[in-house]
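Novice: First the structure, which I've put down as structure tokens, then a few questions once you've had a look.
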Number of protein chains: 4
Amino acid sequence: MKKINIAPPTGRLGVLLPGMGAVATTYMAGILNSRKRSVPLFGSVAELAHIRLGPRAEHRQPLIRELVPLASRDDLVFGAWDIFPDNAYEAAVKASVLRPEDLEPVRTELEAIQPWRGAFDRDFVKKLDGPHVKHGTRRAMAAEIIDDIRRFQQDQHCDRLVMIWCGSTEVYHQPEDVHNSLAAFEKGLDGDDHRISPSMLYAYAALKLGIPYANGAPHLNCEIPALRELANQTGAPMTGKDFKTGQTLLKTIIAPGLKARMIGVRGWFSTNILGNRDGEVLDDPGSFRSKEVTKGSVLDTIFQSDLYPELYGNLYHKIRINYYPPRGDEKEAWDNIDLVGWLGYPMQIKINFLCRDSILAAPVVHDLALFLDLAKRAGLKSTQEWLGFYFKSPLTIDRLPPEHDLFIQQLKFKNTLRQLAGEEPITHLEDR
Amino acid sequence: MKKINIAPPTGRLGVLLPGMGAVATTYMAGILNSRKRSVPLFGSVAELAHIRLGPRAEHRQPLIRELVPLASRDDLVFGAWDIFPDNAYEAAVKASVLRPEDLEPVRTELEAIQPWRGAFDRDFVKKLDGPHVKHGTRRAMAAEIIDDIRRFQQDQHCDRLVMIWCGSTEVYHQPEDVHNSLAAFEKGLDGDDHRISPSMLYAYAALKLGIPYANGAPHLNCEIPALRELANQTGAPMTGKDFKTGQTLLKTIIAPGLKARMIGVRGWFSTNILGNRDGEVLDDPGSFRSKEVTKGSVLDTIFQSDLYPELYGNLYHKIRINYYPPRGDEKEAWDNIDLVGWLGYPMQIKINFLCRDSILAAPVVHDLALFLDLAKRAGLKSTQEWLGFYFKSPLTIDRLPPEHDLFIQQLKFKNTLRQLAGEEPITHLEDR
Amino acid sequence: MKKINIAPPTGRLGVLLPGMGAVATTYMAGILNSRKRSVPLFGSVAELAHIRLGPRAEHRQPLIRELVPLASRDDLVFGAWDIFPDNAYEAAVKASVLRPEDLEPVRTELEAIQPWRGAFDRDFVKKLDGPHVKHGTRRAMAAEIIDDIRRFQQDQHCDRLVMIWCGSTEVYHQPEDVHNSLAAFEKGLDGDDHRISPSMLYAYAALKLGIPYANGAPHLNCEIPALRELANQTGAPMTGKDFKTGQTLLKTIIAPGLKARMIGVRGWFSTNILGNRDGEVLDDPGSFRSKEVTKGSVLDTIFQSDLYPELYGNLYHKIRINYYPPRGDEKEAWDNIDLVGWLGYPMQIKINFLCRDSILAAPVVHDLALFLDLAKRAGLKSTQEWLGFYFKSPLTIDRLPPEHDLFIQQLKFKNTLRQLAGEEPITHLEDR
Amino acid sequence: MKKINIAPPTGRLGVLLPGMGAVATTYMAGILNSRKRSVPLFGSVAELAHIRLGPRAEHRQPLIRELVPLASRDDLVFGAWDIFPDNAYEAAVKASVLRPEDLEPVRTELEAIQPWRGAFDRDFVKKLDGPHVKHGTRRAMAAEIIDDIRRFQQDQHCDRLVMIWCGSTEVYHQPEDVHNSLAAFEKGLDGDDHRISPSMLYAYAALKLGIPYANGAPHLNCEIPALRELANQTGAPMTGKDFKTGQTLLKTIIAPGLKARMIGVRGWFSTNILGNRDGEVLDDPGSFRSKEVTKGSVLDTIFQSDLYPELYGNLYHKIRINYYPPRGDEKEAWDNIDLVGWLGYPMQIKINFLCRDSILAAPVVHDLALFLDLAKRAGLKSTQEWLGFYFKSPLTIDRLPPEHDLFIQQLKFKNTLRQLAGEEPITHLEDR
């Protein structure tokens with residue numbers, strides 16, 4: 001295999017975060033903490049994972065970050081937008097994900113992060129409202145975001161930038177003509193077309209500037225033809241959508257395992273209780289619909305019910321998300337899976353996942369920042385399928401159906417890294 | 001890739017089963033049922049699974065049994081040994097796994113299966129005793145097993161044979177000098193050395209006759225140097241050990257998923273309740289020790305705690321098996337997993353698996369019968385690592401540490417099949 | 001205590017069941033079975049429970065049916081209404097609660113039970129429709145029900161009758177003027193007032209004839225002032241509403257236990273999955289609302305948040321019912337309870353109840369038939385508070401708040417029986 | 001009813017605690033905290049519970065502490081023994097039950113509590129050993145304990161004292177001749193008879209001085225005839241044994257509920273994981289045996305299998321306790337209950353209790369201190385059955401079988417308090 005030429009990650013990398021709530025503050029506080037005391041960045045593949053190279057007997061298992069050049073956590077600087085004016089320390093305290101003992105040591109650094117005003121339209125997030133917002137037309141707001149970015153880059157002396165959407169879920173909507181070409185989209189910006197969502201303005205601004213972009217939420221965003229066209233023009237890598245963290249992460253772990261053994265599944269009931277801002281937003285049917293769509297499709301693709309009608313053709317899949325304030329950010333999922341075994345005999349699996357929303361999402365933000373920056377330096381352009389590993393609804397090239405099986409995603413992810421470094425892919429044949 | 005030359009599966013395949021309890025009778029009753037009415041053989045990869053071939057765009061996904069020549073379920077005949085004289089129908093009724101409506105239609109066929117006397121030594125299974133046993137020295141019992149096989153092959157006009165241990169778990173013991181060479185072992189047979197377990201006599205008989213052999217239980221058996229030597233001499237394929245079915249199957253599905261995302265694990269507590277004969281046998285500390293060893297090692301290998309001391313170095317793994325008669329064959333597992341995420345924050349997963357021991361094991365017996373027979377016809381010899389997919393404690397060549405990750409096992413399994421058929425392995429790179 | 005004079009239960013007791021679905025058929029099949037073979041009527045207090053009498057040292061613990069005269073199961077005959085014309089055997093097969101082996105022995109008896117046409121109005125049960133319905137005004141339908149009853153009593157030679165609503169849940173509605181007096185109600189019958197629900201017609205018919213009546217569903221029914229007035233006139237005992245069976249039964253067991261120890265509760269999340277006709281009906285928001293109201297109020301009353309604002313004042317109680325067809329009648333509940341202990345430390349209880357809707361309801365129908373008949377013979381009139389033990393939303397005299405604590409309900413129930421028999425109430429003081 | 005004459009709780013009450021580990025320090029820290037800031041003493045019936053008096057219509061529901069005179073938490077002073085010399089602050093930090101923010105405000109007060117040397121014999125607690133122990137014969141150690149108490153009372157100006165065993169579980173042993181009379185026991189003290197356990201020395205010292213005594217652990221202690229005799233002599237109230245907190249508390253809540261409805265139970269499997277000192281001690285089979293006996297008997301008594309052989313005669317009850325260090329004091333229980341309903345159909349309940357051992361035990365210590373002190377002032381002597389509410393294995397007068405049903409225990413408890421105050425017992429008849 002031929003090694004790809006990758007520019008080294010010299011200088012500072014600016015991480016731009018639209019939405020400075022629980023996820024963004026947990027992420028930033030974690031990185032800042034890790035600079036002061038020795039704490040492994042649990043959950044970060046970019047920081048911790050090894051990768052096997054060559055035949056088994058060679059015992060080569062370097063860290064991924066030894067195989068490909070990734071930015072150092074010491075070179076990161078953060079910028080964010082939000083519709084509330086709280087600085088990152090205040091926002092983190094309100095999010096109440098991290099304990100005081102993990103916030104106090106980095107209080108000064110967090111207090112220095114003042115969000116820029118957010119682009120907002122309440123039609124897209126019915127359950128929220130905030131005072132710290134941009135005004136004017138879509139075009140004016142997009143221009144202001146671009147200004148925010150340029151000023152930040154200059155002030156912070158950033159050599160490179162990435163942007164990752166960490167804001168709330170917008171309501172479900174379908175692509176329309178205004179989304180279908182860059183020309184129509186830009187005309188829509190000028191005409192303040194209300195079908196362009198605020199989150200699209202951020203994606204537009206990033207991609208326009210050639211900045212890699214990822215969407216962590218389930219709503220319609222950078223996958224519209226207009227923004228794909230823009231990414232192709234500027235060569236900015238992009239990926240999404242909807243961080244794969246709690247229940248869906250487990251689902252895409254377990255479903256491939258059941259299928260590997262040809263165990264039938266008749267029903268899968270998934271319920272969630274969560275009490276953070278995300279839960280409140282998803283209490284609105286429009287926002288929930290966005291989430292439902294990304295969460296719902298994973299089983300169909302993994303189980304290939306067209307190939308396996310007897311095993312998975314009648315699968316009844318139901319997902320419920322419940323706003324439940326006593327729980328705060330400590331989201332909890334309960335799944336019931338109805339299995340069918342030998343001669344049609346029923347069996348059941350129940351899974352109760354007591355997780356923490358932002359604790360699971362923070363390392364994903366970090367990995368995406370580092371791998372998107374790598375992609376940019378390696379000359380990889382537009383949709384990055386190999387980062388589908390991190391998403392509930394992976395973006396694909398050419399509208400191919402996405403792969404949801406976490407283990408296939410992982411193999412694709414690792415073999416892409418091997419390929420970038422000029423190493424052979426792993427097939428697990430004999431001694432390989 | 002060059003296609004391997006594989007003999008076609010013409011004629012009848014005799015399936016020899018030492019131990020005719022819940023697993024063996026559920027397996028046989030299922031196969032017999034499926035000949036009479038249309039019921040998918042849920043859980044059988046050999047019967048149901050498709051396999052992707054070539055680049056993604058080619059959309060080639062034949063059944064595995066269309067890619068490689070496997071015996072037809074219609075060509076199977078069954079023979080079994082047991083320490084109780086019940087015929088297969090009576091044994092199935094006692095096992096009470098299957099409902100009357102699934103046994104009655106095949107009652108005649110099951111009643112015709114009369115077990116041969118079992119080789120037995122109560123020192124190896126303290127909780128059982130039965131009247132239908134062979135007498136004499138180890139050598140005499142082995143000779144008698146060989147006679148049983150030859151008579152069966154002749155009476156049933158079998159073209160080929162395979163043997164799969166479906167009996168109880170024997171007590172834990174370590175290999176000693178008598179197990180360390182074929183010469184010592186055969187001398188031990190002559191001298192009725194009590195360190196040779198009854199199950200080893202079956203493995204010896206099969207391998208001696210060149211018959212493929214698999215061990216479904218966790219005790220020391222065909223992996224001893226003496227029997228490896230014998231397999232090498234006769235070229236008989238062999239594999240094992242301990243069918244991977246309920247809790248451990250789920251464990252080797254979930255652990256790789258957690259590791260894929262670098263989520264730390266501090267503790268994993270696994271408890272089981274079961275009330276069948278297997279549960280009764282495992283109530284004996286010696287037999288439990290055999291099981292504990294095979295169940296216990298899977299996490300170490302998957303988590304590679306040497307590579308990941310911060311994530312998995314302090315993992316506390318505890319397994320309990322409880323005999324609980326109200327539950328019968330409807331085994332149930334409860335797992336608690338203590339996770340560590342971003343900045344060290346704890347999370348938990350609880351899994352409650354209401355499974356059925358024999359329902360999960362029966363298709364594994366079937367797959368092993370078919371794939372071992374394939375291996376024999378394809379000229380594959382001795383240890384079949386690629387069948388490790390089916391076992392809690394996969395046998396490996398040259399004492400390499402076994403792979404426990406179900407998804408790596410599956411990839412190896414499928415790429416081996418692709419290789420046998422002259423197809424390229426799948427790497428999931430780009431369009432592959 | 002003075003013993004009450006109770007007429008003996010001579011002759012036949014006719015049990016009238018509006019709604020012949022899963023609950024009614026499971027109940028009837030169970031009684032018929034129990035006459036043919038020795039099977040305890042699990043779940044029936046009237047059949048199985050003992051009752052302690054007098055001081056502890058006296059060791060008097062007769063069966064309840066030895067203390068008070070109850071009808072024998074051999075003297076019961078059944079009549080039913082339904083909107084489908086299936087006989088009781090066909091309806092039981094469709095309900096698929098009981099196994100063939102429990103239906104076949106009583107097939108002839110069940111087939112003989114042909115339902116009368118049901119009074120129905122789709123505005124009250126949006127998810128159902130059936131061909132076997134009565135036509136005409138409210139008045140005409142009520143008259144027809146009365147005719148059905150009289151004919152049945154004559155044909156079956158019944159000495160006494162009771163009626164228990166086993167039909168579907170009607171939509172939620174509030175009492176209006178038409179419900180507020182018997183005069184207004186009867187005028188409404190004549191004028192075919194559509195605010196009078198079909199279920200009220202059955203209650204009206206029963207109470208008019210002096211027949212004891214119970215409502216097993218959560219909708220507005222016999223508790224309206226008009227029907228209370230009627231019950232007072234005719235002296236018919238009545239009770240309800242909404243059989244306390246699965247999740248709510250457990251809730252009214254556990255909540256009193258937590259309160260007994262002054263353990264705080266911040267949140268209680270209850271979800272249900274069920275796939276029978278009941279689940280389908282409750283998929284309609286109107287019908288669900290009826291259920292939600294009866295299920296929701298139990299915690300408030302038990303926890304007395306006015307007396308205990310610090311412990312239960314902020315309790316967040318959320319109930320979800322999900323139609324999930326793979327599960328059929330095998331309803332399943334999952335509860336998460338967020339506790340507060342010493343110094344405010346959080347703890348959690350999770351309860352997963354794999355129950356069977358009709359299996360739990362059937363013995364409640366039986367007990368109510370027998371105890372309502374007892375009440376009638378003992379001269380107890382109108383609302384029977386002591387039977388609140390069986391209901392999610394117990395009817396009370398004079399609009400007092402109902403008692404939900406299962407153990408207080410049980411004490412009241414048993415002390416009422418003791419009182420009827422002239423025995424002292426139990427106080428558990430010293431040797432009492 | 002006639003009101004009992006009860007001396008007022010003037011002056012200071014000294015609470016003596018043998019064993020200053022997680023439970024004792026959590027208790028003391030909680031009381032000290034509650035004096036400084038407004039925090040309800042969650043879990044304490046003595047502090048928080050109301051009690052209904054008179055007919056329902058009277059609406060009299062005072063606090064229990066308004067009905068009977070209880071000591072104020074402000075008047076408590078603490079003394080303790082332990083085999084480690086750490087002061088109460090250090091011990092609390094090691095126990096790691098409470099967060100720093102709950103310990104720091106009361107650090108000075110906790111540091112002032114220096115334990116006296118513990119009476120210890122490693123034959124009784126195999127998994128522990130400590131340097132801070134008393135030496136000499138049983139008689140010498142008992143005398144030293146008495147000296148500790150007298151000195152404490154004088155130094156702290158205590159008007160009254162109570163003692164509550166909060167130490168580890170000793171090994172299981174049966175009463176022998178040395179335990180069977182006070183004379184034999186005192187002779188055993190003189191002769192240093194090793195069948196007298198260390199915990200008996202504390203009970204002896206307390207009862208000898210007329211100090212009320214409670215045993216919070218499951219081992220053989222104050223219930224031996226010798227110490228009953230002593231309690232009768234001195235009139236000291238005593239009670240026990242084994243605080244009813246986590247799994248067993250729930251068991252004695254749920255079992256009475258199932259029985260109230262005559263639901264059959266075939267099996268009850270209970271497993272626990274815990275990682276504190278208690279878990280470590282119970283890893284020793286001898287100590288576990290003590291616990292197993294008290295935990296095991298509760299179901300037999302509640303279910304009265306002699307009266308209900310069809311429902312509970314074949315109940316298989318199995319209890320497992322597993323030492324699992326990752327969990328620390330955050331004990332977790334998982335129960336599986338196999339139910340039998342109408343016509344014998346099976347159902348299941350699974351309960352997962354994520355509790356905290358010491359958080360549940362601390363308020364029980366407080367209640368016992370206050371109610372035992374009340375008993376003493378009210379002239380109640382020797383065994384206090386009405387406090388059985390707090391114990392897994394309640395002591396009874398005259399070897400009667402104990403009552404385990406939490407709701408009967410509560411009724412007895414409350415009616416006893418009503419009786420002390422001259423109020424009528426509650427029967428829940430009609431308006432009562």
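Ordering of the structure tokens sets the chain letters (A, B, ...), residue numbers begin anew at 1 in every chain, and ligands are numbered from 1 in the order given.
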Run DSSP on the backbone of this structure and report the residues of range 383-423 of chain A it assigns to helix (DSSP H, G or I), as a ChimeraX atom specification.

Specialist: /A:385-390,397-399,406-420

Novice: Take the residues from that selection and write them out as a CSV table (one decimal), in the first residue's frame, keeping C-alpha atoms.

Specialist:
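Resulting contents of part-v3.csv:
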```csv
chain,number,residue,atom,x,y,z
A,385,GLU,CA,-17.9,7.8,5.5
A,386,TRP,CA,-15.2,6.2,7.6
A,387,LEU,CA,-16.2,8.4,10.5
A,388,GLY,CA,-19.7,6.9,10.4
A,389,PHE,CA,-18.4,4.9,13.4
A,390,TYR,CA,-19.4,7.8,15.6
A,397,ILE,CA,-21.5,9.2,-0.5
A,398,ASP,CA,-24.0,9.0,-3.3
A,399,ARG,CA,-27.0,8.2,-1.1
A,406,LEU,CA,-20.5,-0.9,14.9
A,407,PHE,CA,-18.0,-3.6,14.1
A,408,ILE,CA,-18.1,-3.1,10.3
A,409,GLN,CA,-17.9,0.6,11.0
A,410,GLN,CA,-14.9,0.0,13.2
A,411,LEU,CA,-13.2,-2.2,10.6
A,412,LYS,CA,-13.7,0.4,7.9
A,413,PHE,CA,-12.5,3.1,10.3
A,414,LYS,CA,-9.3,1.2,11.1
A,415,ASN,CA,-8.6,0.0,7.6
A,416,THR,CA,-8.9,3.6,6.4
A,417,LEU,CA,-6.3,4.6,9.0
A,418,ARG,CA,-4.1,1.7,7.9
A,419,GLN,CA,-4.5,2.8,4.3
A,420,LEU,CA,-3.6,6.4,5.1
```

Novice: Can you tell me which residues surround Pro175 in chain B at a distance of at most 10 Å, considering only C-alpha atoms, apart from same-chain residues fewer than 4 positions away, and format the answer as a PyMOL selection string?

Specialist: chain B and resi 179-180+195-196+220-221+223-225

Novice: Could you write out that same residue set with C-alpha atoms as an mmCIF file, in the first residue's frame?

Specialist:
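Done, and the output landed in out_33.cif:
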```
data_model
loop_
_atom_site.group_PDB
_atom_site.id
_atom_site.type_symbol
_atom_site.label_atom_id
_atom_site.label_comp_id
_atom_site.auth_asym_id
_atom_site.auth_seq_id
_atom_site.Cartn_x
_atom_site.Cartn_y
_atom_site.Cartn_z
ATOM 1 C CA HIS B 179 -1.909 -36.694 28.371
ATOM 2 C CA ASN B 180 1.318 -35.380 26.924
ATOM 3 C CA ARG B 195 -6.454 -39.563 34.803
ATOM 4 C CA ILE B 196 -7.906 -40.278 31.371
ATOM 5 C CA LEU B 220 -10.018 -30.870 29.428
ATOM 6 C CA ASN B 221 -10.506 -33.040 26.378
ATOM 7 C CA GLU B 223 -6.766 -30.210 23.312
ATOM 8 C CA ILE B 224 -4.275 -32.414 25.180
ATOM 9 C CA PRO B 225 -1.023 -33.012 23.255
#
```

Novice: Once you count only C-alpha atoms, which residues of chain B turn out to be within 8 Å of chain D? Could you give them as JSON, numbers by chain?

Specialist: {"B": [266, 267, 269, 316, 318, 324, 325, 326, 338]}

Novice: Within 8 Å of Thr25 in chain A, counting only C-alpha atoms, which residues show up once you throw out same-chain ones fewer than 5 positions away? Write them as a list in words, please.

Specialist: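 Answer for this query is Met20, Ala88, Tyr89, Ala91 and Ala92 of chain A.
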
Novice: Please save C-alpha atoms of the selected residues as a PDB file, in the first residue's frame.

Specialist:
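Result file is out-v3.pdb:
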```pdb
ATOM      1  CA  MET A  20     -22.436  25.498  24.499  1.00  0.00           C
ATOM      2  CA  ALA A  88     -18.434  28.187  29.834  1.00  0.00           C
ATOM      3  CA  TYR A  89     -17.983  27.882  33.595  1.00  0.00           C
ATOM      4  CA  ALA A  91     -22.946  26.939  31.615  1.00  0.00           C
ATOM      5  CA  ALA A  92     -21.127  23.901  32.992  1.00  0.00           C
TER       6      ALA A  92
END
```

Novice: May I ask for the distance between CA of Asp357 in chain A and CA of Asp102 in chain A, given in Å to one decimal place?

Specialist: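 Between CA of Asp357 in chain A and CA of Asp102 in chain A the gap is 17.1 Å.
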
Novice: Record the distance separating CA of Ala183 in chain A and CA of Leu380 in chain A, expressed in Å with one decimal.

Specialist: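 Atom-to-atom, CA of Ala183 in chain A to CA of Leu380 in chain A, that is 24.4 Å.
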
Novice: Do you have the CA of Arg107 in chain C-CA of Phe78 in chain C distance handy?

Specialist: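 One can read the CA of Arg107 in chain C to CA of Phe78 in chain C distance as 14.4 Å.
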
Novice: Taking 3 positions as the minimum chain separation for residues in the same chain, which residues sit within 9 Å of Phe371 in chain D when counting only C-alpha atoms? Answer as a PyMOL selection string.

Specialist: chain D and resi 46+70-71+366-368+374-376+387

Novice: Among range 155-205 of chain C, which residues does DSSP mark as strand (DSSP E) when it is run on the backbone? Keep the chain and numbering as in the structure and answer as JSON, numbers by chain.

Specialist: {"C": [158, 159, 160, 161, 162, 163, 164, 165]}

Novice: Neighbouring residues of Ala143 in chain A were defined as those with any atom within 12 Å, considering only C-alpha atoms; residues of the same chain fewer than 2 positions away were excluded. Please report them as a tab-separated table (two decimals) with N, CA and C atoms, in the first residue's frame.

Specialist:
```
chain	number	residue	atom	x	y	z
A	119	ALA	N	-27.28	32.02	16.36
A	119	ALA	CA	-28.32	32.15	15.33
A	119	ALA	C	-29.48	31.27	15.77
A	134	LYS	N	-28.52	36.33	17.53
A	134	LYS	CA	-28.25	37.21	16.41
A	134	LYS	C	-29.57	37.68	15.80
A	135	HIS	N	-29.52	38.84	15.16
A	135	HIS	CA	-30.72	39.33	14.51
A	135	HIS	C	-30.46	39.52	13.02
A	136	GLY	N	-31.50	39.83	12.28
A	136	GLY	CA	-31.33	40.07	10.84
A	136	GLY	C	-31.69	38.85	10.02
A	137	THR	N	-31.46	38.94	8.73
A	137	THR	CA	-31.83	37.87	7.80
A	137	THR	C	-30.89	36.69	7.94
A	138	ARG	N	-31.27	35.55	7.29
A	138	ARG	CA	-30.38	34.39	7.22
A	138	ARG	C	-29.00	34.82	6.71
A	139	ARG	N	-28.99	35.63	5.68
A	139	ARG	CA	-27.72	36.07	5.09
A	139	ARG	C	-26.90	36.86	6.10
A	140	ALA	N	-27.58	37.73	6.81
A	140	ALA	CA	-26.87	38.56	7.80
A	140	ALA	C	-26.30	37.68	8.92
A	141	MET	N	-27.10	36.72	9.36
A	141	MET	CA	-26.61	35.84	10.44
A	141	MET	C	-25.43	35.00	9.98
A	145	ILE	N	-21.64	34.93	11.55
A	145	ILE	CA	-20.93	33.72	12.00
A	145	ILE	C	-19.54	33.69	11.37
A	146	ILE	N	-19.47	34.00	10.09
A	146	ILE	CA	-18.17	34.02	9.41
A	146	ILE	C	-17.24	35.04	10.06
A	147	ASP	N	-17.80	36.16	10.42
A	147	ASP	CA	-16.98	37.17	11.12
A	147	ASP	C	-16.48	36.64	12.46
A	148	ASP	N	-17.40	36.00	13.21
A	148	ASP	CA	-17.01	35.43	14.51
A	148	ASP	C	-15.81	34.51	14.34
A	149	ILE	N	-15.89	33.68	13.31
A	149	ILE	CA	-14.83	32.69	13.08
A	149	ILE	C	-13.51	33.38	12.74
A	150	ARG	N	-13.58	34.35	11.84
A	150	ARG	CA	-12.33	35.01	11.41
A	150	ARG	C	-11.66	35.74	12.56
A	186	GLU	N	-28.17	29.87	-1.53
A	186	GLU	CA	-27.64	31.23	-1.33
A	186	GLU	C	-28.70	32.28	-1.63
A	189	LEU	N	-30.70	32.43	1.43
A	189	LEU	CA	-30.06	33.24	2.47
A	189	LEU	C	-30.40	34.71	2.26
A	190	ASP	N	-30.24	35.13	1.02
A	190	ASP	CA	-30.52	36.54	0.72
A	190	ASP	C	-31.98	36.89	1.02
A	201	LEU	N	-26.92	27.46	8.87
A	201	LEU	CA	-26.09	28.66	8.72
A	201	LEU	C	-24.67	28.40	9.22
A	202	TYR	N	-24.56	27.65	10.31
A	202	TYR	CA	-23.23	27.32	10.83
A	202	TYR	C	-22.48	26.40	9.86
A	204	TYR	N	-22.97	26.12	6.73
A	204	TYR	CA	-22.64	26.92	5.55
A	204	TYR	C	-21.37	27.73	5.79
A	205	ALA	N	-21.34	28.41	6.92
A	205	ALA	CA	-20.20	29.27	7.23
A	205	ALA	C	-18.91	28.46	7.26
A	206	ALA	N	-18.96	27.30	7.94
A	206	ALA	CA	-17.76	26.47	8.06
A	206	ALA	C	-17.30	25.99	6.69
A	208	LYS	N	-18.01	26.98	3.74
A	208	LYS	CA	-17.63	28.10	2.87
A	208	LYS	C	-16.16	28.48	3.09
A	209	LEU	N	-15.75	28.41	4.37
A	209	LEU	CA	-14.37	28.77	4.71
A	209	LEU	C	-13.43	27.56	4.59
```

Novice: Give me the residues near range 299-302 of chain A as a compact mmCIF listing (two decimals) with C-alpha atoms, in the first residue's frame, where near means some atom within 10 Å (using only C-alpha atoms) and where sequence neighbours in that chain fewer than 4 positions away do not count.

Specialist:
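Listing of result_8.txt after writing:
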```
# COMPACT_ATOMS: atom_id res chain seq x y z
CA THR A 248 -28.26 3.35 20.00
CA LYS A 251 -28.16 -1.39 19.87
CA THR A 252 -25.59 -1.35 17.11
CA ALA A 255 -27.91 -6.38 16.90
CA PRO A 256 -24.87 -7.44 14.85
CA LYS A 259 -27.46 -11.53 13.54
CA TRP A 268 -37.39 -4.41 20.14
CA LYS A 295 -32.71 6.09 15.97
CA ASP A 306 -34.98 -8.19 2.78
CA TYR A 312 -36.31 -10.09 10.92
CA GLY A 313 -39.17 -9.48 8.50
CA LEU A 315 -39.62 -7.05 13.65
CA HIS A 317 -39.33 -1.68 16.67
CA PRO A 401 -27.63 3.08 2.55
CA PRO A 402 -25.44 3.68 5.59
CA GLU A 403 -23.71 0.93 7.53
CA HIS A 404 -24.84 0.76 11.18
CA ASP A 405 -23.04 -2.34 12.43
CA LEU A 406 -20.51 -0.92 14.88
```

Novice: Identify, on the basis of only C-alpha atoms, every residue whose closest approach to range 11-14 of chain A does not exceed 6 Å; exclude the query and any residue fewer than 2 positions from it along the same chain; express the result as a PDB file with C-alpha atoms, in the first residue's frame.

Specialist:
```
ATOM      1  CA  ASP A  75      -2.781  22.792  20.948  1.00  0.00           C
ATOM      2  CA  LEU A  76      -6.556  23.079  21.101  1.00  0.00           C
ATOM      3  CA  VAL A  77      -8.418  26.354  21.632  1.00  0.00           C
ATOM      4  CA  PHE A  78     -12.181  26.662  21.921  1.00  0.00           C
ATOM      5  CA  CYS A 158      -5.206  29.327  15.066  1.00  0.00           C
ATOM      6  CA  ASP A 159      -3.486  27.534  12.220  1.00  0.00           C
ATOM      7  CA  ARG A 160      -6.457  25.328  11.528  1.00  0.00           C
ATOM      8  CA  LEU A 161     -10.111  25.106  12.528  1.00  0.00           C
TER       9      LEU A 161
END
```
